[in-house]
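Trainee: Take a look at the following structure, please.
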2 protein chains.
Amino acid sequence: MIDQSVGDVMTRSTRTVTPDVTACDVAGLLAEHRIGSVLVVDPETDMPIGIVTESDIMRQVATRADIGTVPVESFMSSDLITISSDECIHAAAALMKEFSIRRLPVMDDGELIGMLTTSDLTHYLPRIRNTILRERNELAG
Amino acid sequence: MIDQSVGDVMTRSTRTVTPDVTACDVAGLLAEHRIGSVLVVDPETDMPIGIVTESDIMRQVATRADIGTVPVESFMSSDLITISSDECIHAAAALMKEFSIRRLPVMDDGELIGMLTTSDLTHYLPRIRNTILRERNELAG
């Protein structure tokens with residue numbers, strides 16, 4: 001339970017866009033689906049080539065870029081840090097801390113299967129605590 | 001350690017703005033300080049009256065509002081859900097899950113003293129695990 005895997009906690013649905021989509025259209029997607037990021041995929045291979053987060057769009061707004069025309073490929077993060085679904089959630093948390101990121105695309109055998117966010121991990125905390133307390137009682141009892 | 005308090009894990013610095021500040025200027029603040037939200041305070045009492053997050057600004061962008069002029073008071077969340085610094089982090093996590101929020105302003109005796117985010121809790125996960133494993137070893141003997 002403490003070493004729960006990423007696959008058990010991640011969000012299975014992931015939204016993707018192609019590199020030519022505008023900042024404004026991505027903002028619409030994020031708002032509509034109440035999500036914090038979309039992955040950018042190569043339109044030919046369908047492989048992830050970048051990620052665009054709320055913070056990235058925020059920076060475009062802050063610099064007064066023309067968000068109605070600026071394509072995501074011009075400001076996406078292309079150094080994708082990913083994790084596999086069989087990794088444990090503590091390794092994922094350590095990775096997020098190390099790189100100051102809030103989201104990890106989950107990839108198995110080169111295929112995108114989900115997204116792990118700080119919210120997914122936070123929602124899991126109360127369950128960890130309950131298990132620990134139960135375990136302590138069993139050991140003590 | 002499992003029942004670590006909010007005060008031990010929260011971020012102590014919080015940014016505040018007055019209700020008349022524009023969406024674009026808040027976007028600038030969020031981008032500059034690499035934070036996800038600012039609290040909106042009453043200019044006379046300095047008391048928090050709302051919160052504006054990246055997602056709120058995202059929705060303004062998505063609806064093609066004039067972000068250079070729209071004031072935060074017109075779209076901030078004014079139902080502030082707060083927590084006190086002596087609550088345990090698992091209660092905070094449960095609250096975040098219940099209300100689908102990623103940030104909790106931390107208030108003691110009516111005074112704003114920090115902010116707790118899903119990132120703060122995530123960064124804490126590896127430490128929880130190490131403590132649990134150590135404790136198990138001690139109990140095992």
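As shown in the structure tokens, the chain order sets the letters A, B, ...; within each chain, residues go from 1, and ligands are also counted from 1 in the order they appear.
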Residual C-alpha RMSD for chain A onto chain B, least squares, all atoms in order?
Mentor: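 The fitted C-alpha deviation between chain B and chain A is 0.1 Å.
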Trainee: Using only C-alpha atoms, determine which residues lie at most 8 Å from Val21 of chain A, disregarding the query and same-chain residues fewer than 5 positions distant; provide the list as a PDB file with N, CA, C and O atoms, in the first residue's frame.
Mentor:
```
ATOM      1  N   VAL A  26      -6.170  25.985 -26.558  1.00  0.00           N
ATOM      2  CA  VAL A  26      -5.770  25.100 -25.464  1.00  0.00           C
ATOM      3  C   VAL A  26      -6.385  25.591 -24.156  1.00  0.00           C
ATOM      4  O   VAL A  26      -6.875  24.788 -23.351  1.00  0.00           O
ATOM      5  N   PRO A  71       0.941  29.510 -31.739  1.00  0.00           N
ATOM      6  CA  PRO A  71       0.757  28.043 -31.676  1.00  0.00           C
ATOM      7  C   PRO A  71       1.506  27.448 -30.477  1.00  0.00           C
ATOM      8  O   PRO A  71       2.552  27.962 -30.082  1.00  0.00           O
ATOM      9  N   VAL A  72       0.961  26.366 -29.940  1.00  0.00           N
ATOM     10  CA  VAL A  72       1.566  25.775 -28.744  1.00  0.00           C
ATOM     11  C   VAL A  72       3.007  25.314 -28.980  1.00  0.00           C
ATOM     12  O   VAL A  72       3.809  25.331 -28.053  1.00  0.00           O
TER      13      VAL A  72
END
```
Trainee: List the spatial neighbours of segment 59-69 of chain B as JSON, numbers by chain - criterion: any atom at most 10 Å away, only C-alpha atoms, same-chain residues fewer than 3 positions off excluded.
Mentor: {"A": [23, 24, 25, 26, 27, 28, 29, 30, 31, 32, 34, 57, 58, 61, 62, 64, 67, 68], "B": [20, 21, 22, 23, 24, 25, 26, 27, 54, 55, 56, 72, 75]}
Trainee: Point out the residue among A:Leu112, A:Val9, A:Ala93, A:Leu104 with the least atom-to-atom distance to chain B, counting only C-alpha atoms.
Mentor: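 Closest candidate: A:Ala93.
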Trainee: Got a sec to tell me which of chain B DSSP assigns to strand (DSSP E or B), as a PyMOL selection string?
Mentor: chain B and resi 5+11+16-17+22+37-41+48-53+71+77+83+88+103-108+111-117
Trainee: Go ahead and compute the interatomic distance for atom CA of Ile113 of chain B and atom CA of Ser85 of chain B, in Å to one decimal.
Mentor: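 Separation of atom CA of Ile113 of chain B and atom CA of Ser85 of chain B: 8.3 Å.
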Trainee: DSSP on the backbone: which residues in chain B end up as helix (DSSP H, G or I)? Give the answer as number ranges by chain.
Mentor: B: 6-9, 23-33, 54-62, 72-74, 89-99, 118-140
Trainee: Find the residues near segment 129-135 of chain A: any atom within 12 Å, counting only C-alpha atoms, skip ones fewer than 3 places away on the same chain, and give them as number ranges by chain.
Mentor: A: 1-4, 122-126, 138-141; B: 1-4, 88-91, 93-94, 125, 128-129, 131-133, 135-136, 139
Trainee: Counting only C-alpha atoms, which of A:Val70, A:Val41, A:Val17, A:Ile101 gets nearest to Thr117 of chain A?
Mentor: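 Ranked by minimum distance to Thr117 of chain A, first place goes to A:Ile101.
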Trainee: Can you tell me which residues surround Asp79 of chain A at a distance of at most 10 Å, considering only C-alpha atoms, apart from same-chain residues fewer than 3 positions away, and format the answer as a list in words?
Mentor: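 The filter keeps Ile49, Gly50, Ile51, Met76 and Thr82 of chain A.
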Trainee: Near Thr16 of chain A, counting only C-alpha atoms, which residues have an atom at most 8 Å away, once you skip same-chain residues fewer than 2 positions from it, shown as a PDB file with C-alpha atoms, in the first residue's frame?
Mentor:
```
ATOM      1  CA  THR A  14      -5.268  12.316 -21.268  1.00  0.00           C
ATOM      2  CA  THR A  18      -1.290  18.933 -32.352  1.00  0.00           C
ATOM      3  CA  VAL A  38      -2.480  18.839 -22.456  1.00  0.00           C
ATOM      4  CA  LEU A  39       0.147  16.778 -24.205  1.00  0.00           C
ATOM      5  CA  VAL A  40       1.307  17.860 -27.656  1.00  0.00           C
ATOM      6  CA  VAL A  41       1.619  14.968 -30.100  1.00  0.00           C
TER       7      VAL A  41
END
```
